[in-house]
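Below is the file query03.pdb, which contains PDB, C-alpha atoms.
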```pdb
ATOM      1  CA  GLN A   1       0.000   0.000   0.000  1.00  0.00           C
ATOM      2  CA  VAL A   2       0.890   3.640  -0.467  1.00  0.00           C
ATOM      3  CA  GLN A   3       0.420   6.374   2.118  1.00  0.00           C
ATOM      4  CA  LEU A   4       0.201  10.068   1.221  1.00  0.00           C
ATOM      5  CA  VAL A   5       0.586  13.187   3.351  1.00  0.00           C
ATOM      6  CA  GLU A   6      -0.062  16.668   1.973  1.00  0.00           C
ATOM      7  CA  SER A   7       1.302  19.945   3.285  1.00  0.00           C
ATOM      8  CA  GLY A   8       1.620  23.565   2.266  1.00  0.00           C
ATOM      9  CA  GLY A   9      -1.947  24.824   2.280  1.00  0.00           C
ATOM     10  CA  GLY A  10      -2.957  28.101   3.826  1.00  0.00           C
ATOM     11  CA  LEU A  11      -4.525  31.512   3.358  1.00  0.00           C
ATOM     12  CA  VAL A  12      -3.300  33.773   0.574  1.00  0.00           C
ATOM     13  CA  GLN A  13      -4.535  36.889  -1.156  1.00  0.00           C
ATOM     14  CA  ALA A  14      -5.670  36.811  -4.769  1.00  0.00           C
ATOM     15  CA  GLY A  15      -2.680  37.001  -7.073  1.00  0.00           C
ATOM     16  CA  GLY A  16      -0.435  35.284  -4.572  1.00  0.00           C
ATOM     17  CA  SER A  17       1.316  31.923  -4.661  1.00  0.00           C
ATOM     18  CA  LEU A  18       1.402  28.719  -2.669  1.00  0.00           C
ATOM     19  CA  ARG A  19       3.312  25.481  -3.033  1.00  0.00           C
ATOM     20  CA  LEU A  20       1.740  22.200  -2.011  1.00  0.00           C
ATOM     21  CA  SER A  21       3.749  19.078  -1.339  1.00  0.00           C
ATOM     22  CA  CYS A  22       2.718  15.444  -1.070  1.00  0.00           C
ATOM     23  CA  LYS A  23       5.054  12.938   0.513  1.00  0.00           C
ATOM     24  CA  SER A  24       4.472   9.301  -0.254  1.00  0.00           C
ATOM     25  CA  SER A  25       5.590   6.187   1.576  1.00  0.00           C
ATOM     26  CA  GLY A  26       5.041   2.470   1.383  1.00  0.00           C
ATOM     27  CA  LYS A  27       5.076   0.657  -1.948  1.00  0.00           C
ATOM     28  CA  ILE A  28       5.965   3.740  -3.968  1.00  0.00           C
ATOM     29  CA  PHE A  29       7.713   1.617  -6.597  1.00  0.00           C
ATOM     30  CA  SER A  30       4.240   0.516  -7.751  1.00  0.00           C
ATOM     31  CA  ILE A  31       3.026   4.061  -8.474  1.00  0.00           C
ATOM     32  CA  ASN A  32       2.228   4.805 -12.109  1.00  0.00           C
ATOM     33  CA  LEU A  33       0.501   8.141 -11.845  1.00  0.00           C
ATOM     34  CA  MET A  34       0.075  10.839  -9.230  1.00  0.00           C
ATOM     35  CA  GLY A  35      -1.999  13.944  -9.171  1.00  0.00           C
ATOM     36  CA  TRP A  36      -3.751  16.726  -7.353  1.00  0.00           C
ATOM     37  CA  TYR A  37      -7.496  17.068  -7.044  1.00  0.00           C
ATOM     38  CA  ARG A  38      -9.567  19.677  -5.262  1.00  0.00           C
ATOM     39  CA  GLN A  39     -13.017  20.048  -3.799  1.00  0.00           C
ATOM     40  CA  GLY A  40     -14.426  23.516  -3.345  1.00  0.00           C
ATOM     41  CA  PRO A  41     -17.348  24.421  -1.073  1.00  0.00           C
ATOM     42  CA  GLY A  42     -20.501  22.783  -2.397  1.00  0.00           C
ATOM     43  CA  LYS A  43     -18.661  21.331  -5.369  1.00  0.00           C
ATOM     44  CA  GLN A  44     -17.618  17.908  -6.521  1.00  0.00           C
ATOM     45  CA  ARG A  45     -14.008  16.842  -6.371  1.00  0.00           C
ATOM     46  CA  GLU A  46     -12.227  17.747  -9.605  1.00  0.00           C
ATOM     47  CA  LEU A  47      -8.910  17.008 -11.223  1.00  0.00           C
ATOM     48  CA  VAL A  48      -6.286  19.748 -11.035  1.00  0.00           C
ATOM     49  CA  ALA A  49      -3.162  18.150 -12.480  1.00  0.00           C
ATOM     50  CA  THR A  50      -1.515  14.781 -12.982  1.00  0.00           C
ATOM     51  CA  ILE A  51       1.995  13.559 -13.664  1.00  0.00           C
ATOM     52  CA  THR A  52       3.092  10.206 -14.992  1.00  0.00           C
ATOM     53  CA  ARG A  53       6.089   7.991 -14.413  1.00  0.00           C
ATOM     54  CA  ARG A  54       7.679   9.625 -17.459  1.00  0.00           C
ATOM     55  CA  HIS A  55       6.954  13.122 -16.110  1.00  0.00           C
ATOM     56  CA  SER A  56       4.174  13.772 -18.626  1.00  0.00           C
ATOM     57  CA  THR A  57       1.730  16.272 -17.210  1.00  0.00           C
ATOM     58  CA  ASN A  58      -1.928  17.111 -17.633  1.00  0.00           C
ATOM     59  CA  TYR A  59      -3.825  20.121 -16.282  1.00  0.00           C
ATOM     60  CA  ALA A  60      -7.387  21.250 -15.884  1.00  0.00           C
ATOM     61  CA  ASP A  61      -8.136  24.147 -18.230  1.00  0.00           C
ATOM     62  CA  SER A  62      -8.884  26.377 -15.255  1.00  0.00           C
ATOM     63  CA  VAL A  63      -5.308  26.137 -13.944  1.00  0.00           C
ATOM     64  CA  LYS A  64      -3.255  25.925 -17.134  1.00  0.00           C
ATOM     65  CA  GLY A  65      -0.502  28.509 -17.173  1.00  0.00           C
ATOM     66  CA  ARG A  66      -0.841  29.171 -13.436  1.00  0.00           C
ATOM     67  CA  PHE A  67      -0.151  25.821 -11.758  1.00  0.00           C
ATOM     68  CA  THR A  68       2.812  23.489 -12.230  1.00  0.00           C
ATOM     69  CA  ILE A  69       2.990  19.894 -11.043  1.00  0.00           C
ATOM     70  CA  SER A  70       6.345  18.227 -10.535  1.00  0.00           C
ATOM     71  CA  ARG A  71       7.832  15.191  -8.874  1.00  0.00           C
ATOM     72  CA  ASP A  72      11.152  13.768  -7.878  1.00  0.00           C
ATOM     73  CA  ASN A  73      12.489  10.680  -9.606  1.00  0.00           C
ATOM     74  CA  THR A  74      11.526   8.275  -6.846  1.00  0.00           C
ATOM     75  CA  TRP A  75       7.866   9.293  -6.309  1.00  0.00           C
ATOM     76  CA  ASN A  76       8.817  10.321  -2.758  1.00  0.00           C
ATOM     77  CA  THR A  77       7.436  13.808  -3.257  1.00  0.00           C
ATOM     78  CA  ILE A  78       5.224  15.580  -5.726  1.00  0.00           C
ATOM     79  CA  SER A  79       4.555  19.289  -5.638  1.00  0.00           C
ATOM     80  CA  LEU A  80       2.029  21.730  -6.987  1.00  0.00           C
ATOM     81  CA  GLN A  81       3.249  25.270  -7.512  1.00  0.00           C
ATOM     82  CA  MET A  82       0.241  27.555  -7.648  1.00  0.00           C
ATOM     83  CA  ASN A  83       0.693  31.090  -8.950  1.00  0.00           C
ATOM     84  CA  SER A  84      -1.740  33.888  -9.700  1.00  0.00           C
ATOM     85  CA  LEU A  85      -4.242  32.363  -7.323  1.00  0.00           C
ATOM     86  CA  LYS A  86      -7.892  33.320  -7.618  1.00  0.00           C
ATOM     87  CA  PRO A  87     -10.715  33.145  -5.064  1.00  0.00           C
ATOM     88  CA  GLU A  88     -12.243  30.328  -7.112  1.00  0.00           C
ATOM     89  CA  ASP A  89      -9.148  28.242  -6.378  1.00  0.00           C
ATOM     90  CA  THR A  90     -10.318  28.005  -2.776  1.00  0.00           C
ATOM     91  CA  ALA A  91     -10.737  24.323  -1.980  1.00  0.00           C
ATOM     92  CA  VAL A  92      -9.396  21.353  -0.117  1.00  0.00           C
ATOM     93  CA  TYR A  93      -6.584  19.957  -2.238  1.00  0.00           C
ATOM     94  CA  TYR A  94      -6.003  16.203  -2.239  1.00  0.00           C
ATOM     95  CA  CYS A  95      -3.004  14.227  -3.394  1.00  0.00           C
ATOM     96  CA  ASN A  96      -3.771  11.031  -5.280  1.00  0.00           C
ATOM     97  CA  ALA A  97      -1.663   8.063  -6.326  1.00  0.00           C
ATOM     98  CA  ASP A  98      -2.512   5.260  -8.722  1.00  0.00           C
ATOM     99  CA  ALA A  99      -0.505   2.202  -7.749  1.00  0.00           C
ATOM    100  CA  ASP A 100      -1.195  -0.973  -9.699  1.00  0.00           C
ATOM    101  CA  GLY A 101      -4.690   0.252 -10.451  1.00  0.00           C
ATOM    102  CA  GLN A 102      -5.528   1.080  -6.846  1.00  0.00           C
ATOM    103  CA  ALA A 103      -6.203   4.695  -5.935  1.00  0.00           C
ATOM    104  CA  THR A 104      -4.926   6.171  -2.687  1.00  0.00           C
ATOM    105  CA  TRP A 105      -5.830   9.608  -1.312  1.00  0.00           C
ATOM    106  CA  GLY A 106      -4.187  11.898   1.168  1.00  0.00           C
ATOM    107  CA  GLN A 107      -6.098  13.629   3.944  1.00  0.00           C
ATOM    108  CA  GLY A 108      -6.263  16.944   2.088  1.00  0.00           C
ATOM    109  CA  THR A 109      -4.935  20.426   2.735  1.00  0.00           C
ATOM    110  CA  GLN A 110      -7.016  23.590   2.767  1.00  0.00           C
ATOM    111  CA  VAL A 111      -6.213  26.424   0.368  1.00  0.00           C
ATOM    112  CA  THR A 112      -8.110  29.657   0.853  1.00  0.00           C
ATOM    113  CA  VAL A 113      -7.708  32.602  -1.517  1.00  0.00           C
ATOM    114  CA  SER A 114      -9.112  35.895  -0.346  1.00  0.00           C
ATOM    115  CA  SER A 115     -10.258  38.597  -2.748  1.00  0.00           C
TER     116      SER A 115
END
```
Just give me the structure of the file as structure tokens.
Amino acid sequence: QVQLVESGGGLVQAGGSLRLSCKSSGKIFSINLMGWYRQGPGKQRELVATITRRHSTNYADSVKGRFTISRDNTWNTISLQMNSLKPEDTAVYYCNADADGQATWGQGTQVTVSS
């Protein structure tokens, strides 16, 4: 199994930046894909960005050009650099790992963007 722990959330003004990190442990050698999802107030959880074993990335249209996902070579840590934050980015952000077809979620970290 894989365990995930997020960090880096907080309160920031619109236009500001935050960097989220997700540290993984356990059977990280089995991870094929990792990503960030978010769930805003009264909304469904949505994909933010993903990164593959080969470092290929994918982003939601709403964050393209503002957010950057990255990872180290061992899947120990993935990060989400968030720039030009908007109030609509306010959400709980969750780290996700797909390991041998099984999805694992972190506990989430709150990001609040004030206008």
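Between Arg19 of chain A and the candidates A:Thr74, A:Gln110, A:Ser7, A:Asn58, the tightest atom-to-atom separation, counting only C-alpha atoms, involves A:Ser7.
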Do you know which residues the PyMOL selection byres ((chain A and resi 95) around 12) returns on this file, as a CSV table (one decimal) with C-alpha atoms, in the frame of the given file?
```
chain,number,residue,atom,x,y,z
A,2,VAL,CA,0.9,3.6,-0.5
A,3,GLN,CA,0.4,6.4,2.1
A,4,LEU,CA,0.2,10.1,1.2
A,5,VAL,CA,0.6,13.2,3.4
A,6,GLU,CA,-0.1,16.7,2.0
A,7,SER,CA,1.3,19.9,3.3
A,8,GLY,CA,1.6,23.6,2.3
A,20,LEU,CA,1.7,22.2,-2.0
A,21,SER,CA,3.7,19.1,-1.3
A,22,CYS,CA,2.7,15.4,-1.1
A,23,LYS,CA,5.1,12.9,0.5
A,24,SER,CA,4.5,9.3,-0.3
A,33,LEU,CA,0.5,8.1,-11.8
A,34,MET,CA,0.1,10.8,-9.2
A,35,GLY,CA,-2.0,13.9,-9.2
A,36,TRP,CA,-3.8,16.7,-7.4
A,37,TYR,CA,-7.5,17.1,-7.0
A,38,ARG,CA,-9.6,19.7,-5.3
A,39,GLN,CA,-13.0,20.0,-3.8
A,45,ARG,CA,-14.0,16.8,-6.4
A,46,GLU,CA,-12.2,17.7,-9.6
A,47,LEU,CA,-8.9,17.0,-11.2
A,48,VAL,CA,-6.3,19.7,-11.0
A,49,ALA,CA,-3.2,18.2,-12.5
A,50,THR,CA,-1.5,14.8,-13.0
A,51,ILE,CA,2.0,13.6,-13.7
A,69,ILE,CA,3.0,19.9,-11.0
A,77,THR,CA,7.4,13.8,-3.3
A,78,ILE,CA,5.2,15.6,-5.7
A,79,SER,CA,4.6,19.3,-5.6
A,80,LEU,CA,2.0,21.7,-7.0
A,92,VAL,CA,-9.4,21.4,-0.1
A,93,TYR,CA,-6.6,20.0,-2.2
A,94,TYR,CA,-6.0,16.2,-2.2
A,96,ASN,CA,-3.8,11.0,-5.3
A,97,ALA,CA,-1.7,8.1,-6.3
A,98,ASP,CA,-2.5,5.3,-8.7
A,103,ALA,CA,-6.2,4.7,-5.9
A,104,THR,CA,-4.9,6.2,-2.7
A,105,TRP,CA,-5.8,9.6,-1.3
A,106,GLY,CA,-4.2,11.9,1.2
A,107,GLN,CA,-6.1,13.6,3.9
A,108,GLY,CA,-6.3,16.9,2.1
A,109,THR,CA,-4.9,20.4,2.7
A,110,GLN,CA,-7.0,23.6,2.8
```
Worksheet item: Neighbours of segment 61-67 of chain A within 6 Å (all atoms listed in the file; same-chain residues fewer than 3 positions away dropped), as a list of chain:residue names?
Response: A:Gln81, A:Met82, A:Asn83
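Going from atom CA of Gly101 of chain A to atom CA of Gly42 of chain A covers 28.7 Å.
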Fill in: Nearest-residue call for Phe29 of chain A, choices A:Asn76, A:Leu11, A:Glu88, A:Thr112, using all atoms listed in the file
A:Asn76
Which centre and which edge lengths, in Å to one decimal, describe the axis-aligned box that holds all listed atoms of segment 2-12 of chain A after 4 Å is added on each side, as AutoDock Vina command-line options?
```
--center_x -1.5 --center_y 18.7 --center_z 1.7 --size_x 14.1 --size_y 38.1 --size_z 12.3
```
Discussion item. Can you tell me which residues surround Leu85 of chain A at a distance of at most 8 Å, considering all atoms listed in the file, apart from same-chain residues fewer than 2 positions away, and format the answer as JSON, numbers by chain?
Written reply: {"A": [13, 14, 15, 16, 17, 66, 82, 83, 87, 89, 113]}
Kindly add N, CA, C and O atoms to the incomplete segment 45-69 of chain A and provide the output as a short mmCIF file (atom, residue, chain, number, x, y, z; two decimals), in the coordinates of the input.
```cif
data_model
loop_
_atom_site.label_atom_id
_atom_site.label_comp_id
_atom_site.auth_asym_id
_atom_site.auth_seq_id
_atom_site.Cartn_x
_atom_site.Cartn_y
_atom_site.Cartn_z
N ARG A 45 -15.45 16.91 -6.24
CA ARG A 45 -14.01 16.84 -6.37
C ARG A 45 -13.65 16.85 -7.86
O ARG A 45 -14.27 16.15 -8.65
N GLU A 46 -12.63 17.63 -8.21
CA GLU A 46 -12.23 17.75 -9.60
C GLU A 46 -10.72 17.60 -9.76
O GLU A 46 -9.95 17.92 -8.84
N LEU A 47 -10.32 17.16 -10.93
CA LEU A 47 -8.91 17.01 -11.22
C LEU A 47 -8.27 18.38 -11.40
O LEU A 47 -8.84 19.27 -12.03
N VAL A 48 -7.07 18.52 -10.85
CA VAL A 48 -6.29 19.75 -11.04
C VAL A 48 -5.13 19.48 -11.98
O VAL A 48 -4.95 20.16 -12.98
N ALA A 49 -4.33 18.46 -11.66
CA ALA A 49 -3.16 18.15 -12.48
C ALA A 49 -2.70 16.74 -12.17
O ALA A 49 -2.90 16.24 -11.05
N THR A 50 -2.10 16.10 -13.18
CA THR A 50 -1.52 14.78 -12.98
C THR A 50 -0.12 14.73 -13.59
O THR A 50 0.21 15.53 -14.47
N ILE A 51 0.65 13.76 -13.12
CA ILE A 51 2.00 13.56 -13.66
C ILE A 51 2.27 12.06 -13.70
O ILE A 51 1.93 11.34 -12.76
N THR A 52 2.86 11.62 -14.80
CA THR A 52 3.09 10.21 -14.99
C THR A 52 4.53 9.82 -14.61
O THR A 52 5.35 10.66 -14.27
N ARG A 53 4.75 8.52 -14.70
CA ARG A 53 6.09 7.99 -14.41
C ARG A 53 7.15 8.65 -15.28
O ARG A 53 8.28 8.87 -14.86
N ARG A 54 6.74 8.99 -16.52
CA ARG A 54 7.68 9.62 -17.46
C ARG A 54 7.64 11.15 -17.39
O ARG A 54 8.11 11.82 -18.29
N HIS A 55 7.03 11.67 -16.35
CA HIS A 55 6.95 13.12 -16.11
C HIS A 55 6.04 13.85 -17.09
O HIS A 55 6.09 15.07 -17.18
N SER A 56 5.19 13.11 -17.81
CA SER A 56 4.17 13.77 -18.63
C SER A 56 3.11 14.38 -17.71
O SER A 56 2.71 13.75 -16.74
N THR A 57 2.67 15.57 -18.07
CA THR A 57 1.73 16.27 -17.21
C THR A 57 0.42 16.58 -17.92
O THR A 57 0.37 16.66 -19.15
N ASN A 58 -0.61 16.77 -17.12
CA ASN A 58 -1.93 17.11 -17.63
C ASN A 58 -2.56 18.07 -16.64
O ASN A 58 -2.44 17.87 -15.42
N TYR A 59 -3.23 19.10 -17.15
CA TYR A 59 -3.82 20.12 -16.28
C TYR A 59 -5.27 20.39 -16.65
O TYR A 59 -5.67 20.31 -17.81
N ALA A 60 -6.04 20.74 -15.64
CA ALA A 60 -7.39 21.25 -15.88
C ALA A 60 -7.26 22.60 -16.60
O ALA A 60 -6.32 23.37 -16.34
N ASP A 61 -8.19 22.89 -17.48
CA ASP A 61 -8.14 24.15 -18.23
C ASP A 61 -8.09 25.35 -17.29
O ASP A 61 -7.45 26.36 -17.58
N SER A 62 -8.77 25.24 -16.17
CA SER A 62 -8.88 26.38 -15.26
C SER A 62 -7.56 26.75 -14.59
O SER A 62 -7.44 27.85 -14.04
N VAL A 63 -6.58 25.85 -14.62
CA VAL A 63 -5.31 26.14 -13.94
C VAL A 63 -4.12 26.19 -14.90
O VAL A 63 -3.01 26.51 -14.47
N LYS A 64 -4.35 25.91 -16.17
CA LYS A 64 -3.26 25.92 -17.13
C LYS A 64 -2.58 27.29 -17.17
O LYS A 64 -3.25 28.33 -17.19
N GLY A 65 -1.26 27.27 -17.16
CA GLY A 65 -0.50 28.51 -17.17
C GLY A 65 -0.29 29.12 -15.81
O GLY A 65 0.50 30.07 -15.67
N ARG A 66 -0.99 28.62 -14.79
CA ARG A 66 -0.84 29.17 -13.44
C ARG A 66 -0.25 28.15 -12.47
O ARG A 66 0.48 28.52 -11.55
N PHE A 67 -0.60 26.87 -12.65
CA PHE A 67 -0.15 25.82 -11.76
C PHE A 67 0.87 24.95 -12.47
O PHE A 67 0.78 24.71 -13.67
N THR A 68 1.81 24.41 -11.69
CA THR A 68 2.81 23.49 -12.23
C THR A 68 2.98 22.31 -11.29
O THR A 68 3.26 22.50 -10.10
N ILE A 69 2.79 21.11 -11.83
CA ILE A 69 2.99 19.89 -11.04
C ILE A 69 4.37 19.34 -11.35
O ILE A 69 4.85 19.40 -12.50
#
```
